[in-house]
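With TSV, C-alpha atoms and all ligand atoms inside, this is protein.tsv:
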chain	number	residue	atom	x	y	z
A	130	MET	CA	155.70	72.70	20.26
A	131	PRO	CA	155.42	75.08	17.27
A	132	THR	CA	156.69	78.55	18.10
A	133	ARG	CA	156.28	82.14	16.97
A	134	THR	CA	159.09	84.65	16.81
A	135	LEU	CA	158.75	88.00	18.53
A	136	PRO	CA	160.30	91.09	16.94
A	137	SER	CA	163.00	90.79	19.65
A	138	GLY	CA	164.01	87.44	18.10
A	139	GLU	CA	162.80	85.41	21.07
A	140	THR	CA	160.44	82.52	20.40
A	141	ILE	CA	157.21	81.80	22.26
A	142	PRO	CA	154.88	78.79	22.01
A	143	ALA	CA	152.03	79.05	19.47
A	144	LEU	CA	149.62	77.69	22.07
A	145	GLY	CA	149.43	79.22	25.52
A	146	GLN	CA	147.02	79.34	28.43
A	147	GLY	CA	144.48	82.04	29.26
A	148	THR	CA	143.36	82.65	32.84
A	149	TRP	CA	140.37	85.01	32.82
A	150	TYR	CA	137.91	83.90	35.55
A	151	MET	CA	140.50	81.63	37.13
A	152	GLY	CA	140.62	82.09	40.87
A	153	ASP	CA	136.99	83.28	40.78
A	154	GLY	CA	135.53	80.04	42.12
A	155	LEU	CA	134.17	78.62	38.84
A	156	ARG	CA	136.17	75.50	39.54
A	157	SER	CA	138.14	74.48	42.61
A	158	ARG	CA	141.47	76.21	43.12
A	159	GLU	CA	143.23	72.82	43.15
A	160	GLU	CA	141.79	71.90	39.78
A	161	GLU	CA	142.70	75.23	38.19
A	162	VAL	CA	146.25	75.12	39.56
A	163	ALA	CA	146.56	71.51	38.36
A	164	ALA	CA	145.31	72.54	34.90
A	165	LEU	CA	147.94	75.29	34.59
A	166	ARG	CA	150.70	72.99	35.83
A	167	LEU	CA	149.70	70.27	33.39
A	168	GLY	CA	149.80	72.93	30.69
A	169	LEU	CA	153.40	73.72	31.67
A	170	ASP	CA	154.24	70.00	31.50
A	171	LEU	CA	152.73	69.83	28.00
A	172	GLY	CA	154.64	72.83	26.69
A	173	LEU	CA	151.88	75.45	27.02
A	174	THR	CA	154.33	77.60	28.87
A	175	LEU	CA	152.92	80.98	27.85
A	176	ILE	CA	150.47	82.02	30.57
A	177	ASP	CA	148.30	85.07	30.03
A	178	THR	CA	146.82	86.96	32.97
A	179	ALA	CA	145.91	90.57	33.90
A	180	GLU	CA	145.52	92.75	36.95
A	181	MET	CA	141.86	93.06	35.93
A	182	TYR	CA	141.04	89.35	36.16
A	183	GLY	CA	139.24	88.81	39.46
A	184	ASN	CA	140.87	91.99	40.70
A	185	GLY	CA	144.20	90.23	41.06
A	186	ALA	CA	142.80	86.78	41.90
A	187	SER	CA	143.93	85.31	38.58
A	188	GLU	CA	147.48	86.60	39.04
A	189	GLN	CA	147.56	85.11	42.53
A	190	LEU	CA	146.42	81.75	41.24
A	191	VAL	CA	149.00	81.86	38.44
A	192	GLY	CA	151.62	82.68	41.09
A	193	GLU	CA	150.62	79.53	42.93
A	194	ALA	CA	150.76	77.43	39.76
A	195	ILE	CA	154.24	78.61	38.77
A	196	ALA	CA	155.73	78.52	42.27
A	197	GLY	CA	159.07	76.69	41.99
A	198	ARG	CA	158.73	76.65	38.18
A	199	ARG	CA	159.02	80.33	37.31
A	200	ASP	CA	161.74	79.81	34.71
A	201	GLU	CA	159.58	77.37	32.71
A	202	ALA	CA	156.90	79.98	32.12
A	203	PHE	CA	156.61	82.91	29.74
A	204	LEU	CA	154.42	85.20	31.84
A	205	VAL	CA	152.15	87.79	30.28
A	206	SER	CA	150.16	90.33	32.29
A	207	LYS	CA	148.34	93.55	31.50
A	208	VAL	CA	147.90	97.03	32.90
A	209	LEU	CA	144.42	98.54	32.96
A	210	PRO	CA	144.01	101.75	30.95
A	211	SER	CA	142.86	103.49	34.13
A	212	ASN	CA	146.30	102.75	35.62
A	213	ALA	CA	148.28	103.45	32.47
A	214	SER	CA	149.84	106.79	33.39
A	215	LYS	CA	153.62	106.72	33.74
A	216	GLN	CA	153.72	106.23	37.49
A	217	GLY	CA	150.45	104.28	37.50
A	218	THR	CA	151.85	101.68	35.09
A	219	ILE	CA	154.99	101.22	37.15
A	220	LYS	CA	152.99	100.80	40.38
A	221	ALA	CA	150.49	98.43	38.70
A	222	CYS	CA	153.33	96.30	37.41
A	223	GLU	CA	154.90	96.11	40.86
A	224	ARG	CA	151.56	94.97	42.33
A	225	SER	CA	151.25	92.32	39.60
A	226	LEU	CA	154.77	91.04	40.33
A	227	GLU	CA	153.91	90.80	44.00
A	228	ARG	CA	150.74	88.78	43.34
A	229	LEU	CA	152.56	86.55	40.87
A	230	GLY	CA	155.43	86.00	43.31
A	231	THR	CA	158.07	86.86	40.75
A	232	ASP	CA	160.59	89.59	40.05
A	233	ARG	CA	159.81	89.98	36.34
A	234	LEU	CA	157.17	89.65	33.66
A	235	ASP	CA	158.13	88.30	30.26
A	236	LEU	CA	155.60	90.49	28.50
A	237	TYR	CA	153.50	93.38	29.80
A	238	LEU	CA	150.57	94.63	27.75
A	239	LEU	CA	148.38	97.72	27.78
A	240	HIS	CA	145.00	95.95	28.14
A	241	TRP	CA	143.18	98.40	25.89
A	242	ARG	CA	143.48	102.06	24.98
A	243	GLY	CA	142.16	104.59	27.46
A	244	GLY	CA	142.58	108.31	27.95
A	245	THR	CA	146.30	108.29	28.78
A	246	PRO	CA	148.54	109.37	25.88
A	247	LEU	CA	150.31	106.28	24.50
A	248	LYS	CA	153.61	108.08	24.83
A	249	GLU	CA	153.27	108.10	28.62
A	250	THR	CA	152.53	104.38	28.92
A	251	LEU	CA	155.37	103.66	26.55
A	252	GLU	CA	157.76	105.62	28.73
A	253	ALA	CA	156.66	103.56	31.72
A	254	PHE	CA	157.21	100.33	29.77
A	255	GLU	CA	160.71	101.51	28.82
A	256	GLU	CA	161.51	102.31	32.43
A	257	LEU	CA	160.20	98.91	33.54
A	258	VAL	CA	162.38	97.18	30.93
A	259	GLU	CA	165.38	99.15	32.15
A	260	ALA	CA	164.67	98.14	35.74
A	261	GLY	CA	164.39	94.46	34.72
A	262	LYS	CA	160.78	94.27	35.90
A	263	ILE	CA	159.47	93.43	32.46
A	264	ARG	CA	161.40	91.85	29.59
A	265	HIS	CA	159.13	93.01	26.77
A	266	TRP	CA	155.99	95.04	26.25
A	267	GLY	CA	153.05	94.96	23.88
A	268	VAL	CA	149.45	96.01	23.44
A	269	SER	CA	145.97	94.54	23.35
A	270	ASN	CA	142.78	95.48	21.53
A	271	PHE	CA	144.65	97.82	19.17
A	272	ASP	CA	143.19	98.34	15.70
A	273	VAL	CA	145.31	99.38	12.70
A	274	SER	CA	145.01	103.10	13.40
A	275	ASP	CA	146.14	102.55	17.02
A	276	MET	CA	149.09	100.46	15.84
A	277	GLU	CA	150.04	103.16	13.35
A	278	GLU	CA	149.94	105.83	16.04
A	279	LEU	CA	151.96	103.66	18.41
A	280	THR	CA	154.67	102.69	15.95
A	281	ALA	CA	155.09	106.31	14.87
A	282	LEU	CA	156.17	107.19	18.44
A	283	ARG	CA	159.82	107.11	19.40
A	284	GLY	CA	160.47	103.57	20.66
A	285	GLY	CA	157.00	102.43	19.52
A	286	THR	CA	158.35	99.79	17.12
A	287	ALA	CA	159.58	97.83	20.14
A	288	VAL	CA	155.99	96.55	20.49
A	289	GLN	CA	156.15	92.73	20.61
A	290	VAL	CA	152.53	91.60	20.16
A	291	ASN	CA	148.97	92.78	19.78
A	292	GLN	CA	146.48	90.61	21.67
A	293	VAL	CA	143.02	90.72	20.06
A	294	LEU	CA	139.72	88.90	19.85
A	295	TYR	CA	140.05	86.39	17.02
A	296	ASN	CA	138.29	83.13	16.29
A	297	LEU	CA	136.17	81.58	13.52
A	298	THR	CA	133.17	83.72	14.46
A	299	ARG	CA	135.25	86.95	14.68
A	300	ARG	CA	137.31	87.18	11.53
A	301	GLY	CA	137.25	90.95	11.02
A	302	ILE	CA	141.01	91.37	11.61
A	303	GLU	CA	141.77	89.36	8.48
A	304	TRP	CA	140.77	92.39	6.42
A	305	ASP	CA	143.49	94.75	7.59
A	306	LEU	CA	144.98	94.23	11.06
A	307	GLN	CA	146.35	90.76	10.43
A	308	PRO	CA	148.08	91.70	7.14
A	309	TRP	CA	149.38	94.90	8.79
A	310	CYS	CA	150.95	92.93	11.65
A	311	ARG	CA	152.27	90.17	9.35
A	312	GLU	CA	154.02	92.69	7.18
A	313	ARG	CA	155.83	93.99	10.25
A	314	GLN	CA	156.30	90.53	11.78
A	315	ILE	CA	154.41	91.48	14.91
A	316	PRO	CA	152.64	88.33	16.19
A	317	LEU	CA	148.94	88.48	17.00
A	318	MET	CA	147.74	86.74	20.13
A	319	ALA	CA	144.19	85.44	19.63
A	320	TYR	CA	142.08	85.77	22.77
A	321	SER	CA	138.78	83.94	23.34
A	322	PRO	CA	139.88	81.49	20.62
A	323	ILE	CA	136.83	79.29	21.18
A	324	GLU	CA	134.52	82.27	21.77
A	325	GLN	CA	134.29	81.37	25.46
A	326	GLY	CA	132.66	78.09	24.48
A	327	ARG	CA	129.74	79.71	22.63
A	328	MET	CA	130.77	78.38	19.21
A	329	LEU	CA	131.14	74.77	20.21
A	330	ASP	CA	127.58	73.79	19.27
A	331	HIS	CA	127.90	75.08	15.74
A	332	SER	CA	126.73	72.34	13.37
A	333	SER	CA	129.52	72.68	10.81
A	334	LEU	CA	132.19	72.68	13.51
A	335	LYS	CA	130.64	69.57	15.01
A	336	ARG	CA	130.40	67.85	11.61
A	337	ILE	CA	134.06	68.47	10.80
A	338	ALA	CA	135.12	67.43	14.28
A	339	GLU	CA	133.23	64.16	13.94
A	340	ARG	CA	134.81	63.47	10.56
A	341	LEU	CA	138.29	64.00	12.09
A	342	GLY	CA	137.62	62.12	15.30
A	343	ALA	CA	138.27	65.38	17.16
A	344	THR	CA	136.22	67.83	19.22
A	345	ALA	CA	134.71	71.13	18.12
A	346	ALA	CA	137.17	73.02	20.38
A	347	GLN	CA	140.09	71.25	18.69
A	348	VAL	CA	138.84	72.19	15.22
A	349	ALA	CA	138.41	75.84	16.29
A	350	LEU	CA	141.92	75.89	17.77
A	351	GLY	CA	143.45	73.90	14.91
A	352	TRP	CA	142.10	76.47	12.45
A	353	LEU	CA	143.89	79.24	14.37
A	354	LEU	CA	147.10	77.37	15.00
A	355	ARG	CA	147.80	76.70	11.31
A	356	GLN	CA	148.13	80.44	10.75
A	357	GLU	CA	151.50	82.08	10.49
A	358	GLY	CA	152.41	84.55	13.25
A	359	LEU	CA	149.47	83.62	15.46
A	360	VAL	CA	149.42	82.58	19.11
A	361	ALA	CA	146.21	81.18	20.66
A	362	ILE	CA	145.55	81.39	24.40
A	363	PRO	CA	142.51	79.28	25.31
A	364	LYS	CA	141.55	79.25	28.96
A	365	ALA	CA	140.99	75.77	30.36
A	366	GLY	CA	140.13	75.31	34.00
A	367	SER	CA	140.37	71.54	33.94
A	368	PRO	CA	143.26	69.20	33.11
A	369	ARG	CA	141.00	67.37	30.62
A	370	HIS	CA	140.45	70.54	28.60
A	371	VAL	CA	144.17	71.38	28.73
A	372	GLU	CA	145.02	67.97	27.25
A	373	GLU	CA	142.35	68.32	24.63
A	374	ASN	CA	143.61	71.76	23.63
A	375	ARG	CA	147.22	70.60	23.47
A	376	ALA	CA	146.17	67.82	21.10
A	377	ALA	CA	144.68	70.44	18.75
A	378	LEU	CA	148.27	71.05	17.63
A	379	ASP	CA	148.29	67.63	15.99
A	380	LEU	CA	145.07	68.17	14.06
A	381	GLN	CA	145.40	68.16	10.27
A	382	LEU	CA	142.65	70.18	8.58
A	383	SER	CA	142.19	69.23	4.91
A	384	ASP	CA	141.40	71.67	2.09
A	385	GLN	CA	137.85	70.34	2.26
A	386	ASP	CA	137.62	71.08	6.00
A	387	LEU	CA	138.99	74.58	5.49
A	388	ALA	CA	136.60	75.31	2.63
A	389	GLU	CA	133.68	74.14	4.73
A	390	LEU	CA	134.79	76.37	7.61
A	391	ASP	CA	135.07	79.34	5.22
A	392	ARG	CA	131.52	78.75	4.01
A	393	SER	CA	130.13	78.56	7.55
A	394	PHE	CA	132.30	81.34	8.98
A	395	PRO	CA	133.00	83.72	6.09
A	396	ALA	CA	136.08	85.90	5.95
A	397	PRO	CA	135.38	89.67	6.01
A	398	ASP	CA	134.70	91.44	2.72
A	399	ARG	CA	135.16	94.93	4.12
A	400	LYS	CA	136.76	96.80	7.03
A	401	GLN	CA	135.15	95.98	10.35
A	402	PRO	CA	135.97	97.90	13.52
A	403	LEU	CA	137.99	95.72	15.89
A	404	GLU	CA	135.68	93.71	18.13
A	405	ILE	CA	136.38	93.54	21.83
A	406	LEU	CA	135.09	91.30	24.62
B	501	LIG	P1	138.11	80.97	25.55
B	501	LIG	O1	137.66	81.11	24.13
B	501	LIG	O2	139.48	80.55	25.81
B	501	LIG	O3	137.08	80.00	26.26
B	501	LIG	C1	137.18	79.63	27.61
B	501	LIG	C2	136.00	78.72	27.93
B	501	LIG	O4	136.07	77.55	27.12
B	501	LIG	C3	135.99	78.24	29.36
B	501	LIG	O5	134.64	78.19	29.77
B	501	LIG	C4	136.57	76.82	29.29
B	501	LIG	O6	136.02	75.99	30.24
B	501	LIG	C5	136.09	76.39	27.94
B	501	LIG	N1	137.00	75.40	27.32
B	501	LIG	C6	138.36	75.45	27.26
B	501	LIG	N2	138.83	74.38	26.59
B	501	LIG	C7	137.76	73.66	26.24
B	501	LIG	C8	137.60	72.44	25.53
B	501	LIG	N3	138.65	71.78	25.06
B	501	LIG	N4	136.34	71.96	25.34
B	501	LIG	C9	135.27	72.63	25.80
B	501	LIG	N5	135.35	73.80	26.47
B	501	LIG	C10	136.59	74.30	26.70
B	501	LIG	O7	137.75	82.37	26.24
B	501	LIG	P2	138.53	83.43	27.15
B	501	LIG	O8	137.72	84.67	27.06
B	501	LIG	O9	138.86	82.88	28.46
B	501	LIG	O10	139.86	83.75	26.32
B	501	LIG	C11	141.10	83.12	26.56
B	501	LIG	C12	142.04	84.04	27.30
B	501	LIG	O11	142.33	85.20	26.54
B	501	LIG	C13	141.47	84.59	28.60
B	501	LIG	O12	141.38	83.62	29.59
B	501	LIG	C14	142.42	85.73	28.84
B	501	LIG	O13	143.64	85.24	29.35
B	501	LIG	C15	142.57	86.29	27.44
B	501	LIG	N6	141.62	87.37	27.14
B	501	LIG	C16	142.12	88.62	26.88
B	501	LIG	C17	141.29	89.68	26.62
B	501	LIG	C18	141.87	91.01	26.35
B	501	LIG	O14	141.13	92.01	26.31
B	501	LIG	N7	143.15	91.13	26.13
B	501	LIG	C19	139.82	89.53	26.60
B	501	LIG	C20	139.38	88.17	26.79
B	501	LIG	C21	140.26	87.15	27.05
B	501	LIG	P3	136.87	75.40	31.49
B	501	LIG	O15	137.54	76.58	32.12
B	501	LIG	O16	135.83	74.77	32.29
B	501	LIG	O17	137.87	74.44	30.92
If you convert what's in this file into structure tokens, what do you get?
Amino acid sequence: MPTRTLPSGETIPALGQGTWYMGDGLRSREEEVAALRLGLDLGLTLIDTAEMYGNGASEQLVGEAIAGRRDEAFLVSKVLPSNASKQGTIKACERSLERLGTDRLDLYLLHWRGGTPLKETLEAFEELVEAGKIRHWGVSNFDVSDMEELTALRGGTAVQVNQVLYNLTRRGIEWDLQPWCRERQIPLMAYSPIEQGRMLDHSSLKRIAERLGATAAQVALGWLLRQEGLVAIPKAGSPRHVEENRAALDLQLSDQDLAELDRSFPAPDRKQPLEIL
């Protein structure tokens, strides 16, 4: 499994598992739990969840999937901006731990920026680290200006990742945020890496996939996974999709494939505000 290095020096897998809408009844609970467990077996040990997802239902399902296997997983969860005051963050984290059936998170993210001063949330993160309830903290949906503000705060450079919307159809971050994070060796975590399935019918993606004997989802993931400092977290509610996504790590995209993808999904030629789902 290829890995990425966090600023702390710890390594995490380049391919993880998302869980938005898991536990919401889209698929059977058994199938979703089996998908996450298969992911653990295949090395997709980073599991991303949030208190927001299904109002805690996703965290509960993840808790079920990692029961008895907690130490295999690198668990990521997120605090809602509406809970991100100092005490609110600490309480929200404790509720997440309870639902997940664990005593610690590996990484705790501010889901997106709200009205609470960053300094306050950061203080809560520091207190949670001190108490052993989280091992690391990071942010999500932060554009360059937010990252600059954060890292200018005392303790702000302890940020471990920025989780943002990034896939072939959403390349805006390549203009400024991605170089900014690379320069500082802060990994980006690409969410909705296959655009929630909406990009899979794209003709060029399908053509390249056919040429490679792969699927459109694998080409979309393969394109992300070849990038330095990038972690992708597709959500797959079925074991078949988990296997397929794992195999995207073995995909070799040629210069011709990459050029064709660039023509169909052009890189940005100017600053674009960070997109959010
Ligand atoms: P994804 O781009 O991961 O797409 C998920 C969809 O694609 C599901 O419908 C899934 O279906 C389907 N799928 C997965 N694998 C395949 C495959 N191999 N072939 C065909 N279809 C496939 O979207 P998400 O929005 O879920 O993003 C991933 C994760 O990122 C989230 O689950 C969440 O953890 C995180 N996220 C974070 C956000 C943030 O603000 N920080 C915002 C959005 C997402 P099925 O389930 O049936 O397999």
Item to check | Contacts to ligand LIG 501 (chain B) at 7 Å cut-off (all atoms listed in the file) as a PyMOL selection string | outcome: chain A and resi 146-150+177-178+240-241+269-270+292-294+320-326+346-347+362-367+370-371+373-374+405-406
With a distance cut-off of 10 Å and all atoms listed in the file, select the neighbouring residues of Pro131 of chain A, excluding the residue or stretch itself and same-chain residues fewer than 5 positions from it, and output the selection as a PDB file with C-alpha atoms, in the frame of the given file.
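Result file part.pdb:
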ATOM      1  CA  THR A 140     160.440  82.520  20.400  1.00  0.00           C
ATOM      2  CA  ILE A 141     157.210  81.800  22.260  1.00  0.00           C
ATOM      3  CA  PRO A 142     154.880  78.790  22.010  1.00  0.00           C
ATOM      4  CA  ALA A 143     152.030  79.050  19.470  1.00  0.00           C
ATOM      5  CA  LEU A 144     149.620  77.690  22.070  1.00  0.00           C
ATOM      6  CA  GLY A 172     154.640  72.830  26.690  1.00  0.00           C
ATOM      7  CA  LEU A 354     147.100  77.370  15.000  1.00  0.00           C
ATOM      8  CA  ARG A 355     147.800  76.700  11.310  1.00  0.00           C
ATOM      9  CA  VAL A 360     149.420  82.580  19.110  1.00  0.00           C
ATOM     10  CA  LEU A 378     148.270  71.050  17.630  1.00  0.00           C
TER      11      LEU A 378
END
Checklist entry - Using all atoms listed in the file, can you list as a VMD selection string the residues within 12 Å of (146.8, 83.7, 32.0)? => result chain A and resid 144 to 152 161 to 162 164 to 165 168 to 169 173 to 183 185 to 192 194 to 195 202 to 207 229 236 to 237 320 to 321 361 to 366
Checklist entry - atom CA of Pro210 of chain A to atom CA of Thr245 of chain A: how many Å, to one decimal? => result 7.3 Å
Which residues of segment 258-360 of chain A come within 12 Å of segment 212-227 of chain A, and for each one, what is the closest pair of atoms and their distance in Å to one decimal, counting only C-alpha atoms, sorted by chain and residue number, as a tab-separated table?
residue	atom	partner	partner_atom	distance
A:Val258	CA	A:Ile219	CA	10.5
A:Glu259	CA	A:Ile219	CA	11.7
A:Ala260	CA	A:Ile219	CA	10.3
A:Gly261	CA	A:Glu223	CA	11.4
A:Lys262	CA	A:Cys222	CA	7.9
A:Ile263	CA	A:Cys222	CA	8.4
A:Trp266	CA	A:Cys222	CA	11.5
A:Val268	CA	A:Ala213	CA	11.8
Item to check | Residue among A:Pro308, A:Leu247, A:Ile315, A:Arg369 lying closest to Val290 of chain A, counting all atoms listed in the file | outcome: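 Closest candidate: A:Ile315.
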Next on the checklist: Just the number, please: distance in Å from atom CA of Arg336 of chain A to atom CA of Leu353 of chain A, one decimal.
Outcome noted: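 Interatomic distance, atom CA of Arg336 of chain A to atom CA of Leu353 of chain A: 17.9 Å.
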Item to check | Among the residues A:Arg156, A:Arg313, A:Arg375, A:Arg133, the one that comes closest to Leu350 of chain A [using only C-alpha atoms] | outcome: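 Closest residue, counting only C-alpha atoms: A:Arg375.
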Checklist entry - What is the atom CA of Arg158 of chain A to atom CA of Ala349 of chain A distance in Å? => result 27.0 Å
